[in-house]
Amino acid sequence: MATVHRDGEAPAFFCLDAAGRVAAVIEFGDPALLRLGRRLIASGQPVDPARLGDPDIELSLIEDDDMKMLPIEKRFTWPASGLDRVPDWVYTSREIYDREIERIFHGPTWNYVGLAAEVPEAGDYIRTNVGPTPVVMVRDHEGGINVFENRCSHRAAEFCRELRGNAEEFVCPYHQWSYDLKGNLAGVPFRRGVNGEGGMGPDFNPENHGVRKLKVTQRNGAVFASFSEEVECFEDYMGEEMLTDFDTVFSGRKLKVLGHYRHTLMGNWKLYPENLKDPYHATLLHTFLVTFGLLVAGNKSAMIVDPRGRHSTMASAKSDGATVSAENKAEMRAYRDGMVLEDPRLMTFFEEFDSPWSVTMQVVWPGLIVQREMNTLGVRQIVPNGPNEFTMVWTMFGYEDDDEEMTRHRLRQGNLMGPAGFLGLEDNEAIKFVQDGMLNSTGGEHLVALDPEVPAGTSTTLISEAAIRAMYRHWRQEMGL
């Protein structure tokens with residue numbers, strides 16, 4: 001077996017087989033070389049020993065030259081053990097991220113963009129996103145809600161700069177091209193030039209130069225958009241069981257927006273829906289959750305997954321802390337005996353829904369979480385910003401027919417949620433710790449093997465990772481990997 005020595009501050013040795021393929025790597029202090037070796041081994045393709053051993057050639061160029069000629073299915077191979085392992089490149093690769101935008105967010109999916117209650121009057125708009133792509137959601141004078149790309153058809157500037165407002169038209173700040181409330185091009189300054197000179201040609205037709213419009217659907221006040229004209233209807237997209245959970249919150253009662261949060265997390269966007277498909281962590285990480293009986297091992301609970309593995313509902317019935325067994329308390333280091341609230345109203349639960357659950361967290365693939373934590377209601381929209389960062393947009397709401405006391409109660413319980421909420425804070429840190437672990441180590445795989453009797457899908461125990469396995473079964477199908 002031939003050996004290639006790559007010199008430098010941290011030397012490395014690459015072992016090549018008879019066909020010139022990397023079979024092993026030994027590095028002395030440079031994890032990037034080890035990661036390169038792993039990928040070259042996985043590719044199974046011959047390499048140029050001279051280029052591999054030349055310390056003046058950047059590693060990225062070696063990958064480009066020796067790997068990019070291979071199809072993506074060869075360069076990114078899933079572990080042979082199956083869905084109980086998830087490789088790091090799922091979360092860290094820019095190429096994988098770009099493929100997700102194309103195939104998932106811009107593909108045949110319904111993406112949450114806002115609440116109809118956020119645009120009650122003609123001309124009301126919000127600036128929102130489909131994946132990382134900025135879009136505008138606006139109500140027109142006929143009462144319809146339109147969603148279109150926030151990109152001027154002239155020079156690509158994002159013409160809508162405010163998060164929300166009211167407008168009769170949208171005017172691009174760069175060259176003042178203007179668009180109506182349906183995304184049609186309405187005006188072009190000096191379209192016919194000045195003094196017979198310049199301007200657009202005689203064949204320029206404004207009807208052909210509106211902004212890109214998305215397909216839009218609504219379900220009881222929640223608005224979704226898709227780049228795909230072939231996407232199935234929302235009811236089929238959700239499925240009967242998931243639609244039942246969705247309609248518990250979005251039942252047709254008119255919504256009242258109570259406020260918003262917005263913050264950025266330093267992690268891959270998929271770690272958040274994963275987090276809501278991981279009831280195991282909820283019983284261990286969250287002191288507030290387990291101490292006050294919202295989601296505890298031994299509670300009546302379920303992790304419900306749709307047949308395709310993309311949507312899910314984590315559900316639990318609130319218990320009294322006294323019902324938690326001594327054995328389960330011993331397993332949960334986050335549990336704090338004797339912890340009490342100064343204001344016990346925070347944990348008051350008014351049974352207002354036709355549901356056996358006091359807590360549900362529903363993931364609507366790819367980027368929406370619908371939260372019902374006792375009486376506090378909200379939606380969380382995931383906006384990816386590359387493979388290692390995403391923004392979370394929270395919208396808290398109640399119902400128009402709530403009395404003042406219920407509105408105050410929902411706002412009070414809202415302290416459970418948000419970027420610094422009693423339950424949200426630990427998740428934000430844990431996600432960053434996971435991403436840091438992948439970016440700063442030699443690379444590897446995640447183990448998601450809990451509850452092996454359920455290969456992938458719905459589980460009746462909280463000590464399970466079957467929902468995560470179901471998610472990646474679906475993700476691999478969408479990604480062609």
# chains A, B, ... in the order shown; residues from 1 in each chain; ligands from 1
call {"tool": "select_by_dssp", "arguments": {"residues": "region 198-424 of chain A", "states": "alpha helix (DSSP H)", "output": "mmCIF file with N, CA, C and O atoms, in the first residue's frame"}}
result
data_model
loop_
_atom_site.group_PDB
_atom_site.id
_atom_site.type_symbol
_atom_site.label_atom_id
_atom_site.label_comp_id
_atom_site.auth_asym_id
_atom_site.auth_seq_id
_atom_site.Cartn_x
_atom_site.Cartn_y
_atom_site.Cartn_z
ATOM 1 N N PHE A 234 -53.445 21.241 0.819
ATOM 2 C CA PHE A 234 -52.937 21.278 2.189
ATOM 3 C C PHE A 234 -53.490 20.132 3.031
ATOM 4 O O PHE A 234 -52.782 19.561 3.861
ATOM 5 N N GLU A 235 -54.749 19.777 2.822
ATOM 6 C CA GLU A 235 -55.367 18.718 3.604
ATOM 7 C C GLU A 235 -54.671 17.382 3.355
ATOM 8 O O GLU A 235 -54.416 16.607 4.287
ATOM 9 N N ASP A 236 -54.348 17.093 2.094
ATOM 10 C CA ASP A 236 -53.618 15.861 1.789
ATOM 11 C C ASP A 236 -52.178 15.945 2.282
ATOM 12 O O ASP A 236 -51.593 14.938 2.708
ATOM 13 N N TYR A 237 -51.595 17.137 2.198
ATOM 14 C CA TYR A 237 -50.222 17.343 2.650
ATOM 15 C C TYR A 237 -50.086 17.026 4.132
ATOM 16 O O TYR A 237 -49.107 16.409 4.576
ATOM 17 N N MET A 238 -51.098 17.410 4.915
ATOM 18 C CA MET A 238 -51.048 17.184 6.354
ATOM 19 C C MET A 238 -51.460 15.766 6.731
ATOM 20 O O MET A 238 -50.843 15.149 7.604
ATOM 21 N N GLU A 240 -54.931 13.156 7.794
ATOM 22 C CA GLU A 240 -56.057 13.298 8.724
ATOM 23 C C GLU A 240 -55.615 13.492 10.169
ATOM 24 O O GLU A 240 -56.110 14.368 10.880
ATOM 25 N N GLU A 241 -54.672 12.675 10.640
ATOM 26 C CA GLU A 241 -54.281 12.745 12.047
ATOM 27 C C GLU A 241 -53.588 14.060 12.378
ATOM 28 O O GLU A 241 -53.886 14.704 13.392
ATOM 29 N N MET A 242 -52.675 14.493 11.531
ATOM 30 C CA MET A 242 -51.973 15.747 11.776
ATOM 31 C C MET A 242 -52.920 16.941 11.638
ATOM 32 O O MET A 242 -52.798 17.936 12.363
ATOM 33 N N LEU A 243 -53.875 16.845 10.732
ATOM 34 C CA LEU A 243 -54.833 17.936 10.542
ATOM 35 C C LEU A 243 -55.718 18.090 11.777
ATOM 36 O O LEU A 243 -56.086 19.215 12.149
ATOM 37 N N THR A 244 -56.042 16.990 12.426
ATOM 38 C CA THR A 244 -56.838 17.061 13.656
ATOM 39 C C THR A 244 -56.103 17.860 14.730
ATOM 40 O O THR A 244 -56.690 18.729 15.398
ATOM 41 N N ASP A 245 -54.808 17.590 14.921
ATOM 42 C CA ASP A 245 -54.019 18.350 15.896
ATOM 43 C C ASP A 245 -53.908 19.818 15.491
ATOM 44 O O ASP A 245 -54.005 20.720 16.330
ATOM 45 N N PHE A 246 -53.704 20.068 14.197
ATOM 46 C CA PHE A 246 -53.583 21.430 13.697
ATOM 47 C C PHE A 246 -54.874 22.204 13.948
ATOM 48 O O PHE A 246 -54.866 23.354 14.418
ATOM 49 N N ASP A 247 -56.008 21.560 13.660
ATOM 50 C CA ASP A 247 -57.299 22.232 13.797
ATOM 51 C C ASP A 247 -57.714 22.430 15.249
ATOM 52 O O ASP A 247 -58.643 23.198 15.534
ATOM 53 N N THR A 248 -57.058 21.753 16.180
ATOM 54 C CA THR A 248 -57.334 22.021 17.593
ATOM 55 C C THR A 248 -56.977 23.460 17.931
ATOM 56 O O THR A 248 -57.715 24.150 18.646
ATOM 57 N N VAL A 249 -55.865 23.937 17.414
ATOM 58 C CA VAL A 249 -55.449 25.330 17.627
ATOM 59 C C VAL A 249 -56.108 26.250 16.607
ATOM 60 O O VAL A 249 -56.680 27.287 16.962
ATOM 61 N N LEU A 271 -31.978 20.994 13.231
ATOM 62 C CA LEU A 271 -31.877 20.662 14.647
ATOM 63 C C LEU A 271 -33.106 21.130 15.417
ATOM 64 O O LEU A 271 -33.412 20.580 16.483
ATOM 65 N N TYR A 272 -33.824 22.117 14.883
ATOM 66 C CA TYR A 272 -35.011 22.582 15.617
ATOM 67 C C TYR A 272 -36.206 21.647 15.443
ATOM 68 O O TYR A 272 -36.805 21.239 16.449
ATOM 69 N N PRO A 273 -36.609 21.287 14.219
ATOM 70 C CA PRO A 273 -37.669 20.271 14.153
ATOM 71 C C PRO A 273 -37.263 18.961 14.820
ATOM 72 O O PRO A 273 -38.101 18.288 15.433
ATOM 73 N N GLU A 274 -35.991 18.607 14.740
ATOM 74 C CA GLU A 274 -35.495 17.434 15.478
ATOM 75 C C GLU A 274 -35.786 17.563 16.967
ATOM 76 O O GLU A 274 -36.210 16.612 17.634
ATOM 77 N N ASN A 275 -35.528 18.744 17.505
ATOM 78 C CA ASN A 275 -35.715 18.993 18.924
ATOM 79 C C ASN A 275 -37.156 18.719 19.353
ATOM 80 O O ASN A 275 -37.413 18.230 20.457
ATOM 81 N N PRO A 279 -38.625 13.638 22.327
ATOM 82 C CA PRO A 279 -39.167 13.747 23.685
ATOM 83 C C PRO A 279 -38.185 13.312 24.761
ATOM 84 O O PRO A 279 -38.328 13.700 25.929
ATOM 85 N N TYR A 280 -37.178 12.535 24.373
ATOM 86 C CA TYR A 280 -36.158 12.065 25.325
ATOM 87 C C TYR A 280 -35.463 13.249 26.001
ATOM 88 O O TYR A 280 -35.311 13.290 27.227
ATOM 89 N N HIS A 281 -35.070 14.257 25.200
ATOM 90 C CA HIS A 281 -34.356 15.399 25.766
ATOM 91 C C HIS A 281 -35.263 16.197 26.703
ATOM 92 O O HIS A 281 -34.798 16.771 27.693
ATOM 93 N N ALA A 282 -36.562 16.251 26.369
ATOM 94 C CA ALA A 282 -37.475 17.085 27.148
ATOM 95 C C ALA A 282 -37.581 16.610 28.588
ATOM 96 O O ALA A 282 -37.818 17.407 29.509
ATOM 97 N N THR A 287 -35.507 21.844 33.295
ATOM 98 C CA THR A 287 -35.862 21.816 34.715
ATOM 99 C C THR A 287 -37.326 22.203 34.932
ATOM 100 O O THR A 287 -38.059 21.540 35.668
ATOM 101 N N PHE A 288 -37.758 23.274 34.301
ATOM 102 C CA PHE A 288 -39.129 23.748 34.498
ATOM 103 C C PHE A 288 -40.140 22.706 34.007
ATOM 104 O O PHE A 288 -41.144 22.423 34.673
ATOM 105 N N LEU A 289 -39.851 22.119 32.874
ATOM 106 C CA LEU A 289 -40.787 21.189 32.252
ATOM 107 C C LEU A 289 -41.041 19.970 33.137
ATOM 108 O O LEU A 289 -42.184 19.554 33.344
ATOM 109 N N VAL A 290 -39.972 19.401 33.671
ATOM 110 C CA VAL A 290 -40.134 18.172 34.458
ATOM 111 C C VAL A 290 -40.561 18.460 35.897
ATOM 112 O O VAL A 290 -41.335 17.700 36.486
ATOM 113 N N THR A 291 -40.082 19.563 36.466
ATOM 114 C CA THR A 291 -40.410 19.856 37.861
ATOM 115 C C THR A 291 -41.879 20.194 38.036
ATOM 116 O O THR A 291 -42.502 19.809 39.037
ATOM 117 N N ALA A 326 -40.243 8.012 42.446
ATOM 118 C CA ALA A 326 -38.876 8.247 42.927
ATOM 119 C C ALA A 326 -37.856 7.709 41.932
ATOM 120 O O ALA A 326 -36.786 8.297 41.731
ATOM 121 N N GLU A 327 -38.183 6.586 41.300
ATOM 122 C CA GLU A 327 -37.273 5.990 40.318
ATOM 123 C C GLU A 327 -37.064 6.931 39.132
ATOM 124 O O GLU A 327 -35.931 7.145 38.679
ATOM 125 N N ASN A 328 -38.159 7.518 38.610
ATOM 126 C CA ASN A 328 -38.032 8.435 37.480
ATOM 127 C C ASN A 328 -37.342 9.728 37.877
ATOM 128 O O ASN A 328 -36.567 10.294 37.106
ATOM 129 N N LYS A 329 -37.615 10.213 39.108
ATOM 130 C CA LYS A 329 -36.927 11.424 39.573
ATOM 131 C C LYS A 329 -35.419 11.215 39.586
ATOM 132 O O LYS A 329 -34.642 12.108 39.237
ATOM 133 N N ALA A 330 -34.981 10.034 39.967
ATOM 134 C CA ALA A 330 -33.550 9.748 40.049
ATOM 135 C C ALA A 330 -32.882 9.787 38.682
ATOM 136 O O ALA A 330 -31.692 10.109 38.576
ATOM 137 N N GLU A 331 -33.628 9.462 37.637
ATOM 138 C CA GLU A 331 -33.074 9.474 36.281
ATOM 139 C C GLU A 331 -33.007 10.888 35.705
ATOM 140 O O GLU A 331 -32.265 11.141 34.763
ATOM 141 N N GLU A 404 -60.569 39.800 28.648
ATOM 142 C CA GLU A 404 -59.318 40.423 29.074
ATOM 143 C C GLU A 404 -58.533 39.516 30.003
ATOM 144 O O GLU A 404 -57.295 39.454 29.936
ATOM 145 N N GLU A 405 -59.221 38.788 30.865
ATOM 146 C CA GLU A 405 -58.540 37.904 31.798
ATOM 147 C C GLU A 405 -57.784 36.793 31.066
ATOM 148 O O GLU A 405 -56.637 36.477 31.418
ATOM 149 N N MET A 406 -58.405 36.201 30.033
ATOM 150 C CA MET A 406 -57.729 35.148 29.273
ATOM 151 C C MET A 406 -56.550 35.704 28.486
ATOM 152 O O MET A 406 -55.490 35.060 28.396
ATOM 153 N N THR A 407 -56.708 36.896 27.923
ATOM 154 C CA THR A 407 -55.582 37.501 27.196
ATOM 155 C C THR A 407 -54.396 37.712 28.124
ATOM 156 O O THR A 407 -53.247 37.393 27.779
ATOM 157 N N ARG A 408 -54.651 38.222 29.335
ATOM 158 C CA ARG A 408 -53.568 38.409 30.297
ATOM 159 C C ARG A 408 -52.946 37.069 30.688
ATOM 160 O O ARG A 408 -51.734 36.961 30.853
ATOM 161 N N HIS A 409 -53.796 36.055 30.818
ATOM 162 C CA HIS A 409 -53.292 34.722 31.181
ATOM 163 C C HIS A 409 -52.392 34.167 30.077
ATOM 164 O O HIS A 409 -51.339 33.599 30.351
ATOM 165 N N ARG A 410 -52.801 34.310 28.827
ATOM 166 C CA ARG A 410 -51.966 33.827 27.710
ATOM 167 C C ARG A 410 -50.627 34.567 27.686
ATOM 168 O O ARG A 410 -49.571 33.957 27.453
ATOM 169 N N LEU A 411 -50.652 35.868 27.926
ATOM 170 C CA LEU A 411 -49.405 36.638 27.940
ATOM 171 C C LEU A 411 -48.523 36.212 29.109
ATOM 172 O O LEU A 411 -47.308 36.105 28.974
ATOM 173 N N ARG A 412 -49.141 35.963 30.261
ATOM 174 C CA ARG A 412 -48.370 35.529 31.433
ATOM 175 C C ARG A 412 -47.699 34.186 31.147
ATOM 176 O O ARG A 412 -46.503 33.999 31.407
ATOM 177 N N GLN A 413 -48.477 33.242 30.626
ATOM 178 C CA GLN A 413 -47.896 31.928 30.316
ATOM 179 C C GLN A 413 -46.918 31.997 29.158
ATOM 180 O O GLN A 413 -46.082 31.107 28.994
ATOM 181 N N GLY A 424 -37.541 27.741 26.590
ATOM 182 C CA GLY A 424 -36.823 27.933 25.332
ATOM 183 C C GLY A 424 -35.329 28.115 25.468
ATOM 184 O O GLY A 424 -34.561 27.803 24.557
#
call {"tool": "atom_distance", "arguments": {"atom1": "CA of Ser301 (chain A)", "atom2": "CA of Thr313 (chain A)"}}
result
10.5 Å
call {"tool": "select_by_dssp", "arguments": {"residues": "region 229-437 of chain A", "states": "strand (DSSP E)", "output": "ChimeraX atom specification"}}
result
/A:255-265,301-305,312-316,359-364,368-373,376-384,390-399
call {"tool": "closest_atom_pairs", "arguments": {"of": "region 23-138 of chain A", "to": "region 357-380 of chain A", "cutoff": "12 Å", "atoms": "only C-alpha atoms", "output": "Markdown table"}}
result
| residue | atom | partner | partner_atom | distance |
| --- | --- | --- | --- | --- |
| A:Glu100 | CA | A:Pro366 | CA | 10.2 |
| A:Ile101 | CA | A:Pro366 | CA | 10.6 |
| A:Arg103 | CA | A:Pro366 | CA | 11.2 |
| A:Ile104 | CA | A:Pro366 | CA | 7.4 |
| A:Phe105 | CA | A:Pro366 | CA | 7.2 |
| A:His106 | CA | A:Pro366 | CA | 10.8 |
| A:Gly107 | CA | A:Pro366 | CA | 10.7 |
| A:Pro108 | CA | A:Pro366 | CA | 10.8 |
| A:Thr109 | CA | A:Pro366 | CA | 7.5 |
| A:Trp110 | CA | A:Trp365 | CA | 7.8 |
| A:Asn111 | CA | A:Gly367 | CA | 6.7 |
| A:Tyr112 | CA | A:Leu368 | CA | 6.2 |
| A:Val113 | CA | A:Leu368 | CA | 9.1 |
| A:Gly114 | CA | A:Val379 | CA | 9.0 |
| A:Leu115 | CA | A:Val379 | CA | 9.3 |
| A:Asn129 | CA | A:Gly367 | CA | 10.2 |
| A:Val130 | CA | A:Gly367 | CA | 8.7 |
| A:Gly131 | CA | A:Gly367 | CA | 7.5 |
| A:Pro132 | CA | A:Gly367 | CA | 10.7 |
call {"tool": "residues_around", "arguments": {"residues": "Asn440 (chain A)", "least_positions_apart": "5", "cutoff": "12 Å", "atoms": "only C-alpha atoms", "output": "ChimeraX atom specification"}}
result
/A:30-32,35,88,92,432-435
call {"tool": "write_last_selection", "arguments": {"atoms": "all heavy atoms", "output": "compact mmCIF listing (two decimals), in the first residue's frame"}}
result
# COMPACT_ATOMS: atom_id res chain seq x y z
N ASP A 30 -4.28 18.38 12.70
CA ASP A 30 -5.11 19.18 11.81
C ASP A 30 -6.38 18.40 11.49
O ASP A 30 -6.42 17.58 10.58
CB ASP A 30 -4.35 19.51 10.52
CG ASP A 30 -5.12 20.50 9.63
OD1 ASP A 30 -6.31 20.75 9.93
OD2 ASP A 30 -4.54 20.99 8.65
N PRO A 31 -7.48 18.65 12.23
CA PRO A 31 -8.73 17.90 12.00
C PRO A 31 -9.26 18.05 10.58
O PRO A 31 -9.94 17.15 10.09
CB PRO A 31 -9.70 18.51 13.02
CG PRO A 31 -8.84 19.10 14.08
CD PRO A 31 -7.59 19.58 13.37
N ALA A 32 -8.95 19.17 9.91
CA ALA A 32 -9.43 19.36 8.54
C ALA A 32 -8.87 18.28 7.61
O ALA A 32 -9.55 17.82 6.69
CB ALA A 32 -9.06 20.74 8.03
N ARG A 35 -10.86 15.14 8.22
CA ARG A 35 -12.17 15.20 7.57
C ARG A 35 -12.05 15.00 6.07
O ARG A 35 -12.87 14.33 5.44
CB ARG A 35 -12.86 16.53 7.90
CG ARG A 35 -13.35 16.65 9.34
CD ARG A 35 -14.30 17.82 9.51
NE ARG A 35 -13.62 19.10 9.39
CZ ARG A 35 -13.11 19.76 10.43
NH1 ARG A 35 -13.19 19.26 11.64
NH2 ARG A 35 -12.51 20.92 10.24
N ASP A 88 -22.53 13.83 10.10
CA ASP A 88 -22.37 15.27 10.35
C ASP A 88 -22.64 16.12 9.12
O ASP A 88 -23.14 17.25 9.23
CB ASP A 88 -20.95 15.57 10.86
CG ASP A 88 -20.75 15.17 12.31
OD1 ASP A 88 -21.69 14.61 12.91
OD2 ASP A 88 -19.64 15.40 12.84
N THR A 92 -23.73 20.25 8.21
CA THR A 92 -22.62 21.21 8.06
C THR A 92 -22.26 21.53 6.61
O THR A 92 -21.58 22.52 6.36
CB THR A 92 -21.36 20.67 8.76
OG1 THR A 92 -20.99 19.40 8.19
CG2 THR A 92 -21.61 20.50 10.26
N LYS A 432 -26.73 25.04 19.83
CA LYS A 432 -25.39 25.59 19.54
C LYS A 432 -24.30 24.62 19.94
O LYS A 432 -23.30 24.45 19.21
CB LYS A 432 -25.19 26.92 20.26
CG LYS A 432 -23.83 27.57 19.95
CD LYS A 432 -23.64 28.87 20.71
CE LYS A 432 -22.36 29.57 20.24
NZ LYS A 432 -21.14 28.75 20.43
N PHE A 433 -24.46 23.95 21.09
CA PHE A 433 -23.45 22.99 21.53
C PHE A 433 -23.30 21.86 20.52
O PHE A 433 -22.18 21.40 20.24
CB PHE A 433 -23.82 22.41 22.89
CG PHE A 433 -23.83 23.40 24.02
CD1 PHE A 433 -24.51 23.11 25.21
CD2 PHE A 433 -23.19 24.62 23.91
CE1 PHE A 433 -24.52 24.02 26.26
CE2 PHE A 433 -23.21 25.55 24.95
CZ PHE A 433 -23.88 25.24 26.12
N VAL A 434 -24.41 21.40 19.97
CA VAL A 434 -24.36 20.32 18.97
C VAL A 434 -23.63 20.79 17.72
O VAL A 434 -22.75 20.09 17.19
CB VAL A 434 -25.78 19.84 18.63
CG1 VAL A 434 -25.75 18.89 17.43
CG2 VAL A 434 -26.40 19.14 19.83
N GLN A 435 -23.98 21.99 17.21
CA GLN A 435 -23.32 22.48 16.00
C GLN A 435 -21.83 22.71 16.24
O GLN A 435 -21.00 22.37 15.39
CB GLN A 435 -23.99 23.78 15.52
CG GLN A 435 -23.69 24.14 14.07
CD GLN A 435 -24.43 23.25 13.09
OE1 GLN A 435 -25.40 22.60 13.44
NE2 GLN A 435 -23.98 23.24 11.84
call {"tool": "atom_distance", "arguments": {"atom1": "CA of Gly8 (chain A)", "atom2": "CA of Ile26 (chain A)"}}
result
13.6 Å
call {"tool": "closest_atom_pairs", "arguments": {"of": "region 189-228 of chain A", "to": "region 144-160 of chain A", "cutoff": "7 Å", "atoms": "only C-alpha atoms", "output": "Markdown table"}}
result
| residue | atom | partner | partner_atom | distance |
| --- | --- | --- | --- | --- |
| A:His209 | CA | A:Ser153 | CA | 6.1 |
| A:Gly210 | CA | A:Ser153 | CA | 6.5 |
| A:Val211 | CA | A:Ser153 | CA | 5.7 |
| A:Arg212 | CA | A:Glu149 | CA | 5.5 |
| A:Lys213 | CA | A:Phe148 | CA | 4.3 |
| A:Leu214 | CA | A:Phe148 | CA | 5.6 |
| A:Val216 | CA | A:Val147 | CA | 6.8 |
| A:Ala225 | CA | A:Val147 | CA | 6.9 |
call {"tool": "write_last_selection", "arguments": {"atoms": "C-alpha atoms", "output": "PDB file, in the first residue's frame"}}
result
ATOM      1  CA  HIS A 209     -42.049  41.532 -15.666  1.00  0.00           C
ATOM      2  CA  GLY A 210     -43.955  41.204 -12.430  1.00  0.00           C
ATOM      3  CA  VAL A 211     -42.292  39.597  -9.443  1.00  0.00           C
ATOM      4  CA  ARG A 212     -42.463  35.832  -8.981  1.00  0.00           C
ATOM      5  CA  LYS A 213     -45.778  34.838  -7.397  1.00  0.00           C
ATOM      6  CA  LEU A 214     -46.203  31.826  -5.128  1.00  0.00           C
ATOM      7  CA  VAL A 216     -51.079  30.338  -1.598  1.00  0.00           C
ATOM      8  CA  ALA A 225     -47.152  29.383   0.288  1.00  0.00           C
TER       9      ALA A 225
END
call {"tool": "closest_residue", "arguments": {"among": "A:Gly259, A:Val305, A:Lys182, A:Glu389", "to": "Glu465 (chain A)", "atoms": "only C-alpha atoms"}}
result
A:Val305
call {"tool": "residues_around", "arguments": {"residues": "Glu162 (chain A)", "least_positions_apart": "4", "cutoff": "12 Å", "atoms": "only C-alpha atoms", "output": "PyMOL selection string"}}
result
chain A and resi 124-128+134-136+150+158+166-167+170
call {"tool": "write_last_selection", "arguments": {"atoms": "N, CA, C and O atoms", "output": "PDB file, in the first residue's frame"}}
result
ATOM      1  N   ASP A 124     -52.371  45.889   3.976  1.00  0.00           N
ATOM      2  CA  ASP A 124     -51.540  45.408   5.081  1.00  0.00           C
ATOM      3  C   ASP A 124     -50.591  44.332   4.572  1.00  0.00           C
ATOM      4  O   ASP A 124     -50.986  43.448   3.809  1.00  0.00           O
ATOM      5  N   TYR A 125     -49.341  44.394   4.992  1.00  0.00           N
ATOM      6  CA  TYR A 125     -48.345  43.426   4.530  1.00  0.00           C
ATOM      7  C   TYR A 125     -47.393  43.073   5.659  1.00  0.00           C
ATOM      8  O   TYR A 125     -47.259  43.801   6.637  1.00  0.00           O
ATOM      9  N   ILE A 126     -46.733  41.920   5.512  1.00  0.00           N
ATOM     10  CA  ILE A 126     -45.594  41.575   6.343  1.00  0.00           C
ATOM     11  C   ILE A 126     -44.474  41.084   5.429  1.00  0.00           C
ATOM     12  O   ILE A 126     -44.732  40.530   4.368  1.00  0.00           O
ATOM     13  N   ARG A 127     -43.271  41.323   5.860  1.00  0.00           N
ATOM     14  CA  ARG A 127     -42.098  40.773   5.181  1.00  0.00           C
ATOM     15  C   ARG A 127     -41.794  39.437   5.844  1.00  0.00           C
ATOM     16  O   ARG A 127     -41.605  39.354   7.050  1.00  0.00           O
ATOM     17  N   THR A 128     -41.747  38.367   5.069  1.00  0.00           N
ATOM     18  CA  THR A 128     -41.587  37.037   5.629  1.00  0.00           C
ATOM     19  C   THR A 128     -40.666  36.217   4.733  1.00  0.00           C
ATOM     20  O   THR A 128     -39.948  36.785   3.901  1.00  0.00           O
ATOM     21  N   PRO A 134     -36.643  35.727   0.780  1.00  0.00           N
ATOM     22  CA  PRO A 134     -37.553  36.756   1.289  1.00  0.00           C
ATOM     23  C   PRO A 134     -38.774  36.904   0.389  1.00  0.00           C
ATOM     24  O   PRO A 134     -38.667  36.961  -0.840  1.00  0.00           O
ATOM     25  N   VAL A 135     -39.949  36.940   1.015  1.00  0.00           N
ATOM     26  CA  VAL A 135     -41.205  37.129   0.287  1.00  0.00           C
ATOM     27  C   VAL A 135     -42.047  38.156   1.027  1.00  0.00           C
ATOM     28  O   VAL A 135     -41.776  38.502   2.184  1.00  0.00           O
ATOM     29  N   VAL A 136     -43.068  38.641   0.353  1.00  0.00           N
ATOM     30  CA  VAL A 136     -44.023  39.584   0.927  1.00  0.00           C
ATOM     31  C   VAL A 136     -45.388  38.908   0.965  1.00  0.00           C
ATOM     32  O   VAL A 136     -45.811  38.296  -0.025  1.00  0.00           O
ATOM     33  N   ASN A 150     -39.704  38.970  -2.724  1.00  0.00           N
ATOM     34  CA  ASN A 150     -39.263  40.323  -2.407  1.00  0.00           C
ATOM     35  C   ASN A 150     -37.988  40.612  -3.202  1.00  0.00           C
ATOM     36  O   ASN A 150     -36.907  40.773  -2.646  1.00  0.00           O
ATOM     37  N   GLU A 158     -34.161  43.885  -2.943  1.00  0.00           N
ATOM     38  CA  GLU A 158     -35.298  43.609  -2.062  1.00  0.00           C
ATOM     39  C   GLU A 158     -36.047  44.922  -1.847  1.00  0.00           C
ATOM     40  O   GLU A 158     -35.593  45.809  -1.135  1.00  0.00           O
ATOM     41  N   ASN A 166     -48.513  49.119   5.857  1.00  0.00           N
ATOM     42  CA  ASN A 166     -49.630  49.212   4.924  1.00  0.00           C
ATOM     43  C   ASN A 166     -49.175  50.031   3.728  1.00  0.00           C
ATOM     44  O   ASN A 166     -48.506  51.056   3.903  1.00  0.00           O
ATOM     45  N   ALA A 167     -49.519  49.568   2.531  1.00  0.00           N
ATOM     46  CA  ALA A 167     -49.071  50.254   1.325  1.00  0.00           C
ATOM     47  C   ALA A 167     -50.082  50.053   0.206  1.00  0.00           C
ATOM     48  O   ALA A 167     -50.794  49.046   0.171  1.00  0.00           O
ATOM     49  N   PHE A 170     -45.727  48.812  -3.882  1.00  0.00           N
ATOM     50  CA  PHE A 170     -44.360  48.603  -3.419  1.00  0.00           C
ATOM     51  C   PHE A 170     -43.421  49.222  -4.437  1.00  0.00           C
ATOM     52  O   PHE A 170     -43.505  48.916  -5.643  1.00  0.00           O
TER      53      PHE A 170
END
call {"tool": "closest_residue", "arguments": {"among": "A:Leu447, A:Asp354, A:His263, A:Arg473", "to": "Ala420 (chain A)", "atoms": "only C-alpha atoms"}}
result
A:His263
call {"tool": "atom_distance", "arguments": {"atom1": "CA of Leu83 (chain A)", "atom2": "CA of Arg469 (chain A)"}}
result
5.5 Å
call {"tool": "closest_residue", "arguments": {"among": "A:Thr391, A:Ser316, A:Ser178, A:Ser81", "to": "Thr264 (chain A)", "atoms": "only C-alpha atoms"}}
result
A:Thr391
call {"tool": "closest_residue", "arguments": {"among": "A:Val4, A:Ala315, A:Leu425, A:Met303", "to": "Asp54 (chain A)", "atoms": "only C-alpha atoms"}}
result
A:Val4
